[in-house]
>>> print(open('entry_38.txt').read())   # compact mmCIF, N, CA and C atoms
# COMPACT_ATOMS: atom_id res chain seq x y z
N MET R 294 106.76 294.33 52.11
CA MET R 294 108.19 294.42 51.90
C MET R 294 108.96 293.43 52.80
N PHE R 295 108.52 293.28 54.07
CA PHE R 295 109.19 292.38 54.99
C PHE R 295 109.10 290.93 54.51
N LYS R 296 107.93 290.54 53.98
CA LYS R 296 107.77 289.18 53.45
C LYS R 296 108.74 288.92 52.31
N PHE R 297 108.93 289.92 51.44
CA PHE R 297 109.84 289.78 50.31
C PHE R 297 111.27 289.56 50.80
N LYS R 298 111.73 290.36 51.77
CA LYS R 298 113.09 290.23 52.30
C LYS R 298 113.28 288.86 52.94
N LYS R 299 112.28 288.42 53.72
CA LYS R 299 112.38 287.12 54.38
C LYS R 299 112.44 285.99 53.35
N SER R 300 111.60 286.06 52.34
CA SER R 300 111.60 285.03 51.29
C SER R 300 112.89 285.06 50.50
N PHE R 301 113.39 286.25 50.20
CA PHE R 301 114.63 286.38 49.45
C PHE R 301 115.81 285.81 50.25
N LEU R 302 115.86 286.14 51.54
CA LEU R 302 116.94 285.61 52.39
C LEU R 302 116.85 284.09 52.51
N SER R 303 115.65 283.56 52.63
CA SER R 303 115.48 282.11 52.69
C SER R 303 115.94 281.45 51.40
N LEU R 304 115.62 282.07 50.27
CA LEU R 304 116.06 281.54 48.98
C LEU R 304 117.57 281.57 48.86
N CYS R 305 118.19 282.66 49.29
CA CYS R 305 119.66 282.76 49.24
C CYS R 305 120.32 281.70 50.12
N LEU R 306 119.78 281.50 51.31
CA LEU R 306 120.33 280.49 52.22
C LEU R 306 120.20 279.09 51.63
N ALA R 307 119.05 278.77 51.10
CA ALA R 307 118.83 277.45 50.49
C ALA R 307 119.77 277.24 49.31
N THR R 308 119.94 278.28 48.48
CA THR R 308 120.83 278.17 47.32
C THR R 308 122.27 277.94 47.75
N SER R 309 122.72 278.64 48.80
CA SER R 309 124.11 278.47 49.24
C SER R 309 124.32 277.09 49.86
N LEU R 310 123.32 276.56 50.56
CA LEU R 310 123.44 275.22 51.12
C LEU R 310 123.53 274.17 50.02
N VAL R 311 122.73 274.30 48.99
CA VAL R 311 122.77 273.36 47.87
C VAL R 311 124.10 273.47 47.14
N ALA R 312 124.57 274.68 46.93
CA ALA R 312 125.83 274.89 46.20
C ALA R 312 127.02 274.29 46.96
N THR R 313 127.03 274.46 48.29
CA THR R 313 128.16 273.92 49.05
C THR R 313 128.12 272.41 49.15
N SER R 314 126.96 271.81 48.94
CA SER R 314 126.90 270.34 49.00
C SER R 314 127.59 269.69 47.81
N PHE R 315 127.86 270.45 46.75
CA PHE R 315 128.53 269.92 45.57
C PHE R 315 130.04 270.12 45.62
N VAL R 316 130.53 270.81 46.61
CA VAL R 316 131.96 271.04 46.75
C VAL R 316 132.58 269.80 47.37
N CYS R 317 133.57 269.26 46.73
CA CYS R 317 134.24 268.05 47.23
C CYS R 317 135.49 268.43 47.98
N VAL R 318 135.62 267.92 49.18
CA VAL R 318 136.82 268.12 49.96
C VAL R 318 137.57 266.81 49.95
N PRO R 319 138.80 266.79 49.44
CA PRO R 319 139.53 265.52 49.39
C PRO R 319 139.87 265.02 50.79
N VAL R 320 139.68 263.74 50.99
CA VAL R 320 140.01 263.11 52.25
C VAL R 320 141.12 262.11 51.98
N LYS R 321 142.19 262.26 52.70
CA LYS R 321 143.31 261.35 52.50
C LYS R 321 143.22 260.25 53.56
N ALA R 322 142.91 259.06 53.12
CA ALA R 322 142.79 257.94 54.04
C ALA R 322 143.53 256.75 53.45
N GLY R 323 143.89 255.85 54.30
CA GLY R 323 144.59 254.67 53.82
C GLY R 323 144.31 253.48 54.71
N SER R 324 144.95 252.38 54.38
CA SER R 324 144.80 251.19 55.20
C SER R 324 145.96 250.24 54.94
N VAL R 325 146.20 249.42 55.93
CA VAL R 325 147.12 248.29 55.79
C VAL R 325 146.22 247.07 55.71
N THR R 326 146.43 246.24 54.70
CA THR R 326 145.61 245.05 54.50
C THR R 326 146.49 243.81 54.53
N ALA R 327 146.10 242.85 55.33
CA ALA R 327 146.80 241.57 55.39
C ALA R 327 145.81 240.46 55.08
N THR R 328 146.23 239.51 54.28
CA THR R 328 145.38 238.38 53.91
C THR R 328 146.03 237.09 54.40
N TYR R 329 145.23 236.20 54.96
CA TYR R 329 145.73 234.89 55.37
C TYR R 329 144.86 233.82 54.72
N LYS R 330 145.51 232.92 54.00
CA LYS R 330 144.83 231.76 53.40
C LYS R 330 145.51 230.53 53.95
N GLY R 331 144.74 229.65 54.55
CA GLY R 331 145.36 228.44 55.07
C GLY R 331 144.54 227.81 56.17
N ALA R 332 145.21 226.97 56.93
CA ALA R 332 144.56 226.21 57.99
C ALA R 332 144.41 227.04 59.25
N PHE R 333 143.32 226.82 59.93
CA PHE R 333 143.06 227.46 61.21
C PHE R 333 142.91 226.35 62.25
N SER R 334 143.97 225.58 62.43
CA SER R 334 143.91 224.44 63.36
C SER R 334 144.73 224.69 64.62
N LYS R 335 145.74 225.56 64.54
CA LYS R 335 146.52 225.90 65.73
C LYS R 335 146.76 227.41 65.75
N ALA R 336 147.07 227.93 66.92
CA ALA R 336 147.24 229.37 67.10
C ALA R 336 148.44 229.89 66.30
N TRP R 337 148.30 231.11 65.78
CA TRP R 337 149.38 231.77 65.06
C TRP R 337 149.16 233.28 65.14
N GLN R 338 150.23 234.04 64.85
CA GLN R 338 150.17 235.50 64.86
C GLN R 338 151.13 236.06 63.83
N ARG R 339 150.72 237.12 63.13
CA ARG R 339 151.54 237.77 62.10
C ARG R 339 151.44 239.29 62.27
N TYR R 340 152.31 240.01 61.56
CA TYR R 340 152.35 241.47 61.61
C TYR R 340 152.50 242.02 60.19
N LYS R 341 151.91 243.19 59.98
CA LYS R 341 152.12 243.88 58.71
C LYS R 341 152.12 245.38 58.98
N THR R 342 153.07 246.08 58.36
CA THR R 342 153.18 247.53 58.54
C THR R 342 152.84 248.26 57.24
N GLY R 343 152.58 249.53 57.38
CA GLY R 343 152.30 250.39 56.23
C GLY R 343 152.49 251.84 56.61
N ASP R 344 152.19 252.73 55.70
CA ASP R 344 152.34 254.17 55.89
C ASP R 344 153.73 254.50 56.43
N SER R 345 154.74 253.99 55.73
CA SER R 345 156.16 254.22 56.07
C SER R 345 156.49 253.77 57.49
N GLY R 346 155.89 252.67 57.92
CA GLY R 346 156.17 252.11 59.23
C GLY R 346 155.36 252.70 60.37
N ARG R 347 154.49 253.68 60.09
CA ARG R 347 153.69 254.30 61.15
C ARG R 347 152.43 253.50 61.49
N ALA R 348 151.96 252.66 60.57
CA ALA R 348 150.76 251.86 60.79
C ALA R 348 151.16 250.40 60.96
N LEU R 349 150.47 249.72 61.87
CA LEU R 349 150.76 248.31 62.14
C LEU R 349 149.44 247.58 62.38
N VAL R 350 149.31 246.42 61.75
CA VAL R 350 148.21 245.52 62.09
C VAL R 350 148.83 244.21 62.56
N THR R 351 148.47 243.83 63.78
CA THR R 351 148.85 242.54 64.35
C THR R 351 147.60 241.67 64.22
N TYR R 352 147.74 240.52 63.59
CA TYR R 352 146.56 239.70 63.31
C TYR R 352 146.89 238.24 63.55
N GLY R 353 145.84 237.45 63.76
CA GLY R 353 146.09 236.04 63.99
C GLY R 353 144.86 235.25 64.36
N TYR R 354 145.15 234.08 64.86
CA TYR R 354 144.14 233.09 65.22
C TYR R 354 144.51 232.56 66.60
N ASN R 355 143.54 232.54 67.51
CA ASN R 355 143.79 232.16 68.89
C ASN R 355 142.90 230.98 69.27
N THR R 356 143.46 230.01 69.95
CA THR R 356 142.67 228.84 70.37
C THR R 356 142.61 228.70 71.89
N ALA R 357 143.01 229.73 72.64
CA ALA R 357 143.10 229.63 74.10
C ALA R 357 141.75 229.34 74.75
N PHE R 358 140.72 230.08 74.46
CA PHE R 358 139.40 229.87 75.07
C PHE R 358 138.37 229.45 74.03
N ILE R 359 138.33 230.21 72.96
CA ILE R 359 137.47 229.87 71.81
C ILE R 359 138.34 230.05 70.57
N ASN R 360 137.94 229.49 69.48
CA ASN R 360 138.68 229.70 68.24
C ASN R 360 138.29 231.07 67.70
N GLU R 361 139.22 232.02 67.80
CA GLU R 361 138.90 233.38 67.39
C GLU R 361 139.94 233.98 66.45
N ASP R 362 139.47 234.83 65.58
CA ASP R 362 140.32 235.64 64.71
C ASP R 362 140.43 237.01 65.35
N TYR R 363 141.59 237.64 65.19
CA TYR R 363 141.74 238.97 65.77
C TYR R 363 142.59 239.87 64.88
N ALA R 364 142.32 241.16 65.01
CA ALA R 364 143.12 242.19 64.34
C ALA R 364 143.29 243.33 65.34
N TRP R 365 144.53 243.71 65.59
CA TRP R 365 144.84 244.81 66.49
C TRP R 365 145.58 245.86 65.65
N ALA R 366 145.02 247.03 65.56
CA ALA R 366 145.59 248.08 64.71
C ALA R 366 146.17 249.21 65.56
N LYS R 367 147.28 249.75 65.09
CA LYS R 367 147.91 250.87 65.77
C LYS R 367 148.54 251.79 64.73
N HIS R 368 148.39 253.09 64.91
CA HIS R 368 149.06 254.07 64.05
C HIS R 368 149.70 255.10 64.96
N SER R 369 150.95 255.43 64.69
CA SER R 369 151.68 256.31 65.61
C SER R 369 151.31 257.78 65.47
N THR R 370 150.71 258.20 64.35
CA THR R 370 150.43 259.63 64.16
C THR R 370 149.00 259.96 63.74
N LYS R 371 148.15 258.97 63.46
CA LYS R 371 146.81 259.25 62.94
C LYS R 371 145.74 258.48 63.72
N THR R 372 144.52 259.01 63.68
CA THR R 372 143.37 258.29 64.20
C THR R 372 143.14 257.08 63.30
N HIS R 373 142.72 255.96 63.88
CA HIS R 373 142.65 254.71 63.13
C HIS R 373 141.67 253.75 63.80
N TYR R 374 141.38 252.63 63.11
CA TYR R 374 140.59 251.55 63.70
C TYR R 374 140.94 250.25 62.99
N SER R 375 140.66 249.14 63.67
CA SER R 375 140.93 247.81 63.14
C SER R 375 139.65 247.24 62.53
N SER R 376 139.82 246.29 61.64
CA SER R 376 138.68 245.51 61.16
C SER R 376 139.18 244.18 60.62
N LEU R 377 138.25 243.25 60.50
CA LEU R 377 138.57 241.98 59.85
C LEU R 377 137.34 241.52 59.09
N ARG R 378 137.61 240.78 58.04
CA ARG R 378 136.53 240.27 57.18
C ARG R 378 136.71 238.77 57.04
N ASN R 379 135.64 238.04 57.33
CA ASN R 379 135.65 236.60 57.13
C ASN R 379 134.63 236.27 56.05
N GLY R 380 134.29 235.04 55.91
CA GLY R 380 133.35 234.64 54.86
C GLY R 380 131.93 235.11 55.09
N LYS R 381 131.61 235.61 56.29
CA LYS R 381 130.25 235.99 56.61
C LYS R 381 130.02 237.49 56.77
N ASP R 382 131.00 238.22 57.29
CA ASP R 382 130.74 239.61 57.65
C ASP R 382 132.04 240.39 57.79
N ILE R 383 131.89 241.69 58.05
CA ILE R 383 133.01 242.58 58.37
C ILE R 383 132.79 243.06 59.79
N PHE R 384 133.82 243.01 60.61
CA PHE R 384 133.76 243.43 62.00
C PHE R 384 134.77 244.54 62.22
N THR R 385 134.40 245.56 62.99
CA THR R 385 135.30 246.68 63.20
C THR R 385 135.52 246.93 64.69
N GLY R 386 136.73 247.35 64.99
CA GLY R 386 137.08 247.75 66.35
C GLY R 386 136.78 249.22 66.54
N SER R 387 137.00 249.71 67.73
CA SER R 387 136.72 251.11 68.03
C SER R 387 137.79 252.02 67.44
N ARG R 388 137.37 253.25 67.13
CA ARG R 388 138.29 254.27 66.60
C ARG R 388 139.18 254.73 67.75
N LYS R 389 140.48 254.81 67.46
CA LYS R 389 141.46 255.20 68.48
C LYS R 389 142.33 256.33 67.98
N GLY R 390 142.87 257.09 68.90
CA GLY R 390 143.80 258.15 68.58
C GLY R 390 145.19 257.61 68.33
N ALA R 391 146.06 258.48 67.86
CA ALA R 391 147.44 258.10 67.55
C ALA R 391 148.10 257.44 68.76
N GLY R 392 148.80 256.34 68.50
CA GLY R 392 149.54 255.63 69.53
C GLY R 392 148.73 254.63 70.33
N LYS R 393 147.41 254.62 70.19
CA LYS R 393 146.55 253.68 70.91
C LYS R 393 146.26 252.47 70.02
N THR R 394 145.80 251.37 70.62
CA THR R 394 145.52 250.15 69.88
C THR R 394 144.03 249.89 69.80
N SER R 395 143.53 249.71 68.59
CA SER R 395 142.14 249.32 68.34
C SER R 395 142.12 247.81 68.14
N LYS R 396 141.22 247.13 68.86
CA LYS R 396 141.18 245.67 68.78
C LYS R 396 139.80 245.18 68.35
N ILE R 397 139.81 244.15 67.52
CA ILE R 397 138.59 243.43 67.18
C ILE R 397 138.92 241.94 67.25
N GLU R 398 138.09 241.20 67.96
CA GLU R 398 138.28 239.75 68.14
C GLU R 398 136.92 239.09 67.95
N VAL R 399 136.83 238.12 67.06
CA VAL R 399 135.56 237.45 66.79
C VAL R 399 135.76 235.94 66.66
N ARG R 400 134.71 235.21 66.95
CA ARG R 400 134.75 233.74 66.82
C ARG R 400 134.98 233.37 65.36
N HIS R 401 135.89 232.43 65.12
CA HIS R 401 136.18 231.99 63.76
C HIS R 401 134.96 231.31 63.16
N CYS R 402 134.66 231.64 61.90
CA CYS R 402 133.43 231.13 61.26
C CYS R 402 133.68 229.93 60.37
N GLY R 403 134.92 229.49 60.25
CA GLY R 403 135.23 228.36 59.39
C GLY R 403 135.79 228.75 58.03
N ALA R 404 135.90 230.05 57.76
CA ALA R 404 136.44 230.51 56.48
C ALA R 404 137.92 230.13 56.37
N SER R 405 138.37 229.85 55.16
CA SER R 405 139.78 229.51 54.95
C SER R 405 140.60 230.72 54.51
N THR R 406 139.94 231.83 54.19
CA THR R 406 140.63 233.08 53.84
C THR R 406 140.08 234.19 54.70
N MET R 407 140.97 234.93 55.33
CA MET R 407 140.60 236.05 56.21
C MET R 407 141.37 237.29 55.78
N TYR R 408 140.76 238.45 56.03
CA TYR R 408 141.37 239.74 55.70
C TYR R 408 141.39 240.58 56.98
N TYR R 409 142.54 241.20 57.24
CA TYR R 409 142.75 241.97 58.47
C TYR R 409 143.22 243.37 58.08
N TYR R 410 142.73 244.40 58.79
CA TYR R 410 142.99 245.78 58.37
C TYR R 410 143.34 246.71 59.53
N CYS R 411 144.13 247.70 59.20
CA CYS R 411 144.32 248.91 60.00
C CYS R 411 143.91 250.06 59.09
N HIS R 412 142.80 250.71 59.38
CA HIS R 412 142.31 251.83 58.57
C HIS R 412 142.73 253.14 59.24
N TYR R 413 143.26 254.06 58.45
CA TYR R 413 143.65 255.38 59.00
C TYR R 413 143.31 256.48 58.03
>>> encode(input="entry_38.txt", output="structure tokens")
Amino acid sequence: MFKFKKSFLSLCLATSLVATSFVCVPVKAGSVTATYKGAFSKAWQRYKTGDSGRALVTYGYNTAFINEDYAWAKHSTKTHYSSLRNGKDIFTGSRKGAGKTSKIEVRHCGASTMYYYCHY
């Protein structure tokens, strides 16, 4: 009798775990996306906002020490992180809490189109 109860309980637990894996919980996420197409010969910086002004991505090209692309993301009320995409890869900054700045800075790869993000 004990073996039956143990097997039955194991079966019930396994069934409930499988059933709950099919339940979808909606996740509300967004991002601010900025695209730059053009020359990367001198330093520049731009800004783009989103989420009703609560999200900001500061992005640009820096020539001070090395030729680098950067994206700095900030959201005033949500956890967020920065990222940028060049012709070779996608790079992400660290996840930060509301009001903090996530930064990603990488050596420019020669791409003429870059994408900069604040994900929240």
>>> atom_distance(input="entry_38.txt", atom1="atom C of Phe333 (chain R)", atom2="CA of Lys393 (chain R)")
28.9 Å
>>> closest_residue(input="entry_38.txt", among="R:Ser369, R:Glu361, R:Leu349, R:Asp382", to="Arg400 (chain R)", atoms="only N, CA and C atoms")
R:Glu361
>>> residues_around(input="entry_38.txt", residues="Gly390 (chain R)", least_positions_apart="3", cutoff="8 Å", atoms="all atoms listed in the file", output="list in words")
Lys367, His368, Ser369, Thr370, Lys371, Thr372, His373, Tyr374, Ser387, Lys393, Thr394 and Ser395 of chain R
>>> atom_distance(input="entry_38.txt", atom1="atom C of Arg339 (chain R)", atom2="atom N of Thr351 (chain R)")
5.6 Å
>>> closest_residue(input="entry_38.txt", among="R:His412, R:Thr342, R:Tyr329, R:Thr356", to="Ser376 (chain R)", atoms="all atoms listed in the file")
R:His412
>>> atom_distance(input="entry_38.txt", atom1="CA of Trp337 (chain R)", atom2="CA of Gly380 (chain R)")
19.2 Å
